[in-house]
Amino acid sequence: MQSQTWRFRLLDSGVGTSPGAFSPEMTHDRDPSLVPQGRATAPRSPARVLDTLRRDAVTELGGVLSGFWSSIEEQVRLAALASHDFASAQEDRIGVMALSHRALELATRFRSAIEREFDRWENAGGDDDAKPKSLSLMSEGELEVHLAGQQITELLDHQFLHPLTQLDERLAALAGSLGVRRGRPNPIRPEVAVNAFVALFGPDDLTPSLRSMVFHQFDKRLPKVLGDLYDKANK
């Protein structure tokens with residue numbers, strides 16, 4: 001009798017039962033390592049990778065102009081308090097107020113320029129770039145804006161040389177997966193954001209002192225945004 005009672009206890013505890021009693025299907029809720037991983041780790045399609053890259057680029061780079069003009073307005077106000085040139089300070093104040101009123105339009109144009117660069121990259125065979133304006137045809141103000149942008153681009157190209165090289169390799173592989181001709185450079189290289197910013201301004205939008213403030217602020221904000229964007233894109 002004692003032997004039989006002990007046998008029943010073993011059966012109740014699961015010891016000595018058939019192998020199927022502890023099959024993986026019955027223990028998934030207790031041991032996550034037994035859950036099939038194929039579906040969870042399946043790579044995203046190349047099209048989705050490109051869509052994610054485009055969305056991240058437009059969102060992150062668009063953030064460069066978030067609160068941008070209010071910051072410039074404050075700089076103009078402080079500069080006016082320290083200045084003895086009332087006429088120049090008044091010109092700066094009028095100029096930044098006009099730009100502040102156009103903040104939404106400028107932000108939209110900036111983001112659209114980033115979007116268009118992705119369109120050009122994806123449709124490299126039908127490149128629709130407009131020819132750049134000759135330097136000799138630019139006004140003095142336009143030339144100064146162009147040179148300020150060029151200087152920022154050169155510094156950023158050097159600063160981000162390593163992540164840009166990695167990103168170029170990954171984009172080349174992505175282009176191959178998508179069947180895209182590799183006729184366009186990286187759509188989020190520094191030049192794209194800088195040129196999009198430069199294109200926002202007409203020949204009379206920026207006084208010399210306002211131009212200095214505006215490009216200094218842009219140069220201060222853009223590197224952090226690009227660094228984060230390149231880290232995310234390369235991952």
# chains A, B, ... in the order shown; residues from 1 in each chain; ligands from 1
>>> residues_around(residues="Ile72 (chain A)", least_positions_apart="3", cutoff="8 Å", atoms="only C-alpha atoms", output="compact mmCIF listing (two decimals) with C-alpha atoms, in the first residue's frame")
# COMPACT_ATOMS: atom_id res chain seq x y z
CA PHE A 68 14.94 79.20 -34.16
CA TRP A 69 13.52 82.66 -34.80
CA GLN A 75 19.87 87.93 -29.73
CA VAL A 76 18.80 90.97 -31.75
CA VAL A 96 13.97 89.26 -37.79
CA MET A 213 23.56 85.73 -36.02
CA VAL A 214 21.40 83.49 -38.20
CA GLN A 217 22.80 79.82 -34.71
>>> residues_around(residues="Asp56 (chain A)", least_positions_apart="4", cutoff="8 Å", atoms="only C-alpha atoms", output="JSON, numbers by chain")
{"A": [52, 60, 229]}
>>> write_last_selection(atoms="C-alpha atoms", output="short mmCIF file (atom, residue, chain, number, x, y, z; two decimals), in the first residue's frame")
data_model
loop_
_atom_site.label_atom_id
_atom_site.label_comp_id
_atom_site.auth_asym_id
_atom_site.auth_seq_id
_atom_site.Cartn_x
_atom_site.Cartn_y
_atom_site.Cartn_z
CA THR A 52 12.10 55.13 -42.09
CA GLU A 60 15.15 65.44 -37.13
CA LEU A 229 20.64 61.30 -37.29
#
>>> select_by_dssp(residues="region 53-145 of chain A", states="helix (DSSP H, G or I)", output="PyMOL selection string")
chain A and resi 53-65+68-82+86-101+103-122+124-126+135-137+140-145
>>> atom_distance(atom1="CA of Glu144 (chain A)", atom2="CA of Arg109 (chain A)")
21.0 Å
>>> closest_residue(among="A:Phe160, A:Arg55, A:Ala175, A:Asp205", to="Met97 (chain A)", atoms="only C-alpha atoms")
A:Asp205
>>> residues_around(residues="region 113-126 of chain A", least_positions_apart="4", cutoff="8 Å", atoms="only C-alpha atoms", output="JSON, numbers by chain")
{"A": [54, 57, 58, 109, 180, 181, 182, 183, 184, 185, 186, 187, 188, 192, 193, 196]}
>>> residues_around(residues="Ser212 (chain A)", least_positions_apart="4", cutoff="12 Å", atoms="only C-alpha atoms", output="PDB file with N, CA, C and O atoms, in the first residue's frame")
ATOM      1  N   ILE A  72      16.729  84.017 -32.282  1.00  0.00           N
ATOM      2  CA  ILE A  72      17.374  85.119 -32.997  1.00  0.00           C
ATOM      3  C   ILE A  72      16.797  86.456 -32.548  1.00  0.00           C
ATOM      4  O   ILE A  72      17.539  87.450 -32.395  1.00  0.00           O
ATOM      5  N   GLN A  75      18.508  87.469 -29.453  1.00  0.00           N
ATOM      6  CA  GLN A  75      19.870  87.931 -29.727  1.00  0.00           C
ATOM      7  C   GLN A  75      19.861  89.344 -30.287  1.00  0.00           C
ATOM      8  O   GLN A  75      20.710  90.176 -29.928  1.00  0.00           O
ATOM      9  N   VAL A  76      18.915  89.623 -31.169  1.00  0.00           N
ATOM     10  CA  VAL A  76      18.797  90.968 -31.750  1.00  0.00           C
ATOM     11  C   VAL A  76      18.457  91.983 -30.655  1.00  0.00           C
ATOM     12  O   VAL A  76      19.000  93.094 -30.621  1.00  0.00           O
ATOM     13  N   ASP A  92      17.836  95.374 -38.027  1.00  0.00           N
ATOM     14  CA  ASP A  92      17.893  93.978 -37.584  1.00  0.00           C
ATOM     15  C   ASP A  92      16.563  93.552 -36.970  1.00  0.00           C
ATOM     16  O   ASP A  92      16.076  92.441 -37.212  1.00  0.00           O
ATOM     17  N   GLY A 141      24.761  90.435 -51.065  1.00  0.00           N
ATOM     18  CA  GLY A 141      24.105  89.725 -49.971  1.00  0.00           C
ATOM     19  C   GLY A 141      23.953  88.244 -50.260  1.00  0.00           C
ATOM     20  O   GLY A 141      24.198  87.404 -49.386  1.00  0.00           O
ATOM     21  N   GLU A 144      27.343  86.486 -49.914  1.00  0.00           N
ATOM     22  CA  GLU A 144      27.741  86.293 -48.518  1.00  0.00           C
ATOM     23  C   GLU A 144      26.997  85.111 -47.895  1.00  0.00           C
ATOM     24  O   GLU A 144      27.573  84.321 -47.143  1.00  0.00           O
ATOM     25  N   VAL A 145      25.706  84.992 -48.188  1.00  0.00           N
ATOM     26  CA  VAL A 145      24.920  83.871 -47.679  1.00  0.00           C
ATOM     27  C   VAL A 145      25.449  82.558 -48.246  1.00  0.00           C
ATOM     28  O   VAL A 145      25.597  81.560 -47.528  1.00  0.00           O
ATOM     29  N   LEU A 147      28.486  81.884 -49.352  1.00  0.00           N
ATOM     30  CA  LEU A 147      29.801  81.567 -48.796  1.00  0.00           C
ATOM     31  C   LEU A 147      29.690  81.096 -47.345  1.00  0.00           C
ATOM     32  O   LEU A 147      30.436  80.198 -46.917  1.00  0.00           O
ATOM     33  N   ALA A 148      28.758  81.673 -46.607  1.00  0.00           N
ATOM     34  CA  ALA A 148      28.546  81.228 -45.220  1.00  0.00           C
ATOM     35  C   ALA A 148      28.078  79.773 -45.195  1.00  0.00           C
ATOM     36  O   ALA A 148      28.550  78.968 -44.375  1.00  0.00           O
ATOM     37  N   GLY A 149      27.164  79.428 -46.086  1.00  0.00           N
ATOM     38  CA  GLY A 149      26.697  78.053 -46.179  1.00  0.00           C
ATOM     39  C   GLY A 149      27.794  77.105 -46.618  1.00  0.00           C
ATOM     40  O   GLY A 149      27.917  75.985 -46.077  1.00  0.00           O
ATOM     41  N   LEU A 206      18.392  89.485 -45.087  1.00  0.00           N
ATOM     42  CA  LEU A 206      19.328  89.507 -43.963  1.00  0.00           C
ATOM     43  C   LEU A 206      20.276  90.699 -44.048  1.00  0.00           C
ATOM     44  O   LEU A 206      20.970  90.873 -45.056  1.00  0.00           O
ATOM     45  N   THR A 207      20.305  91.490 -42.997  1.00  0.00           N
ATOM     46  CA  THR A 207      21.337  92.516 -42.879  1.00  0.00           C
ATOM     47  C   THR A 207      22.647  91.810 -42.540  1.00  0.00           C
ATOM     48  O   THR A 207      22.640  90.652 -42.112  1.00  0.00           O
ATOM     49  N   PRO A 208      23.787  92.468 -42.708  1.00  0.00           N
ATOM     50  CA  PRO A 208      25.065  91.812 -42.388  1.00  0.00           C
ATOM     51  C   PRO A 208      25.123  91.262 -40.963  1.00  0.00           C
ATOM     52  O   PRO A 208      25.557  90.122 -40.744  1.00  0.00           O
ATOM     53  N   HIS A 216      25.342  81.695 -37.471  1.00  0.00           N
ATOM     54  CA  HIS A 216      26.007  81.191 -36.260  1.00  0.00           C
ATOM     55  C   HIS A 216      25.056  80.262 -35.497  1.00  0.00           C
ATOM     56  O   HIS A 216      25.477  79.196 -35.013  1.00  0.00           O
ATOM     57  N   GLN A 217      23.790  80.647 -35.402  1.00  0.00           N
ATOM     58  CA  GLN A 217      22.804  79.818 -34.708  1.00  0.00           C
ATOM     59  C   GLN A 217      22.574  78.500 -35.443  1.00  0.00           C
ATOM     60  O   GLN A 217      22.462  77.438 -34.819  1.00  0.00           O
ATOM     61  N   PHE A 218      22.497  78.557 -36.760  1.00  0.00           N
ATOM     62  CA  PHE A 218      22.314  77.341 -37.562  1.00  0.00           C
ATOM     63  C   PHE A 218      23.519  76.414 -37.397  1.00  0.00           C
ATOM     64  O   PHE A 218      23.356  75.194 -37.209  1.00  0.00           O
ATOM     65  N   ASP A 219      24.707  76.978 -37.451  1.00  0.00           N
ATOM     66  CA  ASP A 219      25.934  76.196 -37.295  1.00  0.00           C
ATOM     67  C   ASP A 219      26.030  75.596 -35.899  1.00  0.00           C
ATOM     68  O   ASP A 219      26.638  74.527 -35.701  1.00  0.00           O
TER      69      ASP A 219
END
>>> residues_around(residues="Val194 (chain A)", least_positions_apart="3", cutoff="9 Å", atoms="only C-alpha atoms", output="number ranges by chain")
A: 149-150, 152-153, 190-191, 197-199, 218, 222
>>> write_last_selection(atoms="C-alpha atoms", output="short mmCIF file (atom, residue, chain, number, x, y, z; two decimals), in the first residue's frame")
data_model
loop_
_atom_site.label_atom_id
_atom_site.label_comp_id
_atom_site.auth_asym_id
_atom_site.auth_seq_id
_atom_site.Cartn_x
_atom_site.Cartn_y
_atom_site.Cartn_z
CA GLY A 149 26.70 78.05 -46.18
CA GLN A 150 29.69 76.69 -48.08
CA ILE A 152 29.51 75.29 -42.78
CA THR A 153 29.26 72.42 -45.29
CA PRO A 190 25.48 67.99 -44.69
CA GLU A 191 25.26 69.89 -47.98
CA PHE A 197 18.70 76.62 -45.33
CA VAL A 198 20.56 78.97 -47.67
CA ALA A 199 17.69 78.78 -50.18
CA PHE A 218 22.31 77.34 -37.56
CA LEU A 222 22.92 71.49 -37.02
#
>>> atom_distance(atom1="CA of Leu99 (chain A)", atom2="CA of Met138 (chain A)")
21.3 Å
>>> decode(residues="region 38-161 of chain A", atoms="C-alpha atoms", output="CSV table (one decimal), in the first residue's frame")
chain,number,residue,atom,x,y,z
A,38,GLY,CA,12.4,34.0,-36.7
A,39,ARG,CA,9.4,36.3,-37.0
A,40,ALA,CA,10.5,38.7,-34.3
A,41,THR,CA,14.0,39.2,-35.8
A,42,ALA,CA,13.0,39.2,-39.5
A,43,PRO,CA,14.7,42.2,-41.2
A,44,ARG,CA,12.6,45.0,-42.5
A,45,SER,CA,12.1,45.3,-46.3
A,46,PRO,CA,14.5,47.7,-48.1
A,47,ALA,CA,11.5,49.9,-49.0
A,48,ARG,CA,10.6,50.2,-45.3
A,49,VAL,CA,14.2,51.0,-44.4
A,50,LEU,CA,14.2,53.9,-46.9
A,51,ASP,CA,10.8,55.2,-45.7
A,52,THR,CA,12.1,55.1,-42.1
A,53,LEU,CA,15.3,56.9,-43.1
A,54,ARG,CA,13.3,59.6,-45.0
A,55,ARG,CA,10.9,60.1,-42.1
A,56,ASP,CA,13.7,60.3,-39.5
A,57,ALA,CA,15.7,62.8,-41.7
A,58,VAL,CA,12.8,65.1,-42.3
A,59,THR,CA,11.7,65.0,-38.7
A,60,GLU,CA,15.2,65.4,-37.1
A,61,LEU,CA,16.4,68.1,-39.6
A,62,GLY,CA,13.1,69.9,-39.4
A,63,GLY,CA,13.7,70.3,-35.7
A,64,VAL,CA,16.7,72.5,-36.4
A,65,LEU,CA,14.3,75.4,-37.0
A,66,SER,CA,12.1,74.7,-34.0
A,67,GLY,CA,12.2,77.9,-31.8
A,68,PHE,CA,14.9,79.2,-34.2
A,69,TRP,CA,13.5,82.7,-34.8
A,70,SER,CA,12.5,83.4,-31.2
A,71,SER,CA,16.2,82.7,-30.3
A,72,ILE,CA,17.4,85.1,-33.0
A,73,GLU,CA,14.9,87.7,-31.8
A,74,GLU,CA,16.3,87.6,-28.3
A,75,GLN,CA,19.9,87.9,-29.7
A,76,VAL,CA,18.8,91.0,-31.7
A,77,ARG,CA,17.2,92.5,-28.7
A,78,LEU,CA,20.3,92.1,-26.6
A,79,ALA,CA,22.5,93.4,-29.4
A,80,ALA,CA,20.3,96.5,-29.7
A,81,LEU,CA,20.7,97.2,-26.0
A,82,ALA,CA,24.5,97.1,-26.3
A,83,SER,CA,24.6,99.0,-29.6
A,84,HIS,CA,25.0,102.7,-30.1
A,85,ASP,CA,23.9,102.4,-33.8
A,86,PHE,CA,20.1,102.8,-33.5
A,87,ALA,CA,19.4,102.6,-37.2
A,88,SER,CA,21.3,99.4,-37.7
A,89,ALA,CA,19.6,97.8,-34.6
A,90,GLN,CA,16.2,98.8,-36.0
A,91,GLU,CA,17.0,97.2,-39.3
A,92,ASP,CA,17.9,94.0,-37.6
A,93,ARG,CA,14.7,94.1,-35.5
A,94,ILE,CA,12.5,94.7,-38.6
A,95,GLY,CA,14.3,91.9,-40.5
A,96,VAL,CA,14.0,89.3,-37.8
A,97,MET,CA,10.3,90.2,-37.2
A,98,ALA,CA,9.6,89.6,-40.9
A,99,LEU,CA,11.3,86.2,-40.8
A,100,SER,CA,9.5,85.3,-37.6
A,101,HIS,CA,6.2,85.9,-39.2
A,102,ARG,CA,7.2,83.5,-42.0
A,103,ALA,CA,8.5,80.9,-39.6
A,104,LEU,CA,5.9,78.2,-40.7
A,105,GLU,CA,6.5,78.9,-44.4
A,106,LEU,CA,10.3,78.7,-44.0
A,107,ALA,CA,10.1,75.5,-41.9
A,108,THR,CA,7.8,73.9,-44.6
A,109,ARG,CA,10.2,74.9,-47.4
A,110,PHE,CA,13.2,73.5,-45.5
A,111,ARG,CA,11.5,70.1,-44.9
A,112,SER,CA,10.3,70.0,-48.5
A,113,ALA,CA,13.9,70.4,-49.7
A,114,ILE,CA,15.0,67.4,-47.7
A,115,GLU,CA,12.0,65.4,-49.1
A,116,ARG,CA,13.0,66.3,-52.6
A,117,GLU,CA,16.5,65.1,-52.1
A,118,PHE,CA,15.2,61.7,-51.2
A,119,ASP,CA,13.0,61.8,-54.3
A,120,ARG,CA,16.1,62.6,-56.4
A,121,TRP,CA,18.1,59.8,-54.8
A,122,GLU,CA,15.3,57.3,-55.4
A,123,ASN,CA,14.8,58.4,-59.0
A,124,ALA,CA,18.4,59.0,-59.9
A,125,GLY,CA,17.8,58.4,-63.6
A,126,GLY,CA,15.4,61.3,-63.8
A,127,ASP,CA,17.5,63.9,-62.0
A,128,ASP,CA,15.7,67.3,-62.0
A,129,ASP,CA,18.3,69.5,-60.3
A,130,ALA,CA,18.2,73.1,-61.4
A,131,LYS,CA,21.5,74.5,-62.4
A,132,PRO,CA,23.1,76.5,-59.6
A,133,LYS,CA,23.2,80.2,-60.0
A,134,SER,CA,26.5,81.6,-61.1
A,135,LEU,CA,28.5,83.4,-58.4
A,136,SER,CA,29.0,86.3,-60.8
A,137,LEU,CA,25.2,86.8,-61.0
A,138,MET,CA,24.7,87.0,-57.3
A,139,SER,CA,24.2,90.2,-55.4
A,140,GLU,CA,26.6,90.9,-52.6
A,141,GLY,CA,24.1,89.7,-50.0
A,142,GLU,CA,23.4,86.5,-51.9
A,143,LEU,CA,27.1,85.8,-52.2
A,144,GLU,CA,27.7,86.3,-48.5
A,145,VAL,CA,24.9,83.9,-47.7
A,146,HIS,CA,26.3,81.4,-50.2
A,147,LEU,CA,29.8,81.6,-48.8
A,148,ALA,CA,28.5,81.2,-45.2
A,149,GLY,CA,26.7,78.1,-46.2
A,150,GLN,CA,29.7,76.7,-48.1
A,151,GLN,CA,31.9,77.2,-45.0
A,152,ILE,CA,29.5,75.3,-42.8
A,153,THR,CA,29.3,72.4,-45.3
A,154,GLU,CA,33.0,72.0,-45.5
A,155,LEU,CA,33.4,71.9,-41.7
A,156,LEU,CA,30.6,69.4,-41.3
A,157,ASP,CA,31.9,67.1,-44.1
A,158,HIS,CA,35.2,66.9,-42.2
A,159,GLN,CA,33.6,66.5,-38.8
A,160,PHE,CA,31.4,63.6,-39.9
A,161,LEU,CA,33.8,61.9,-42.4
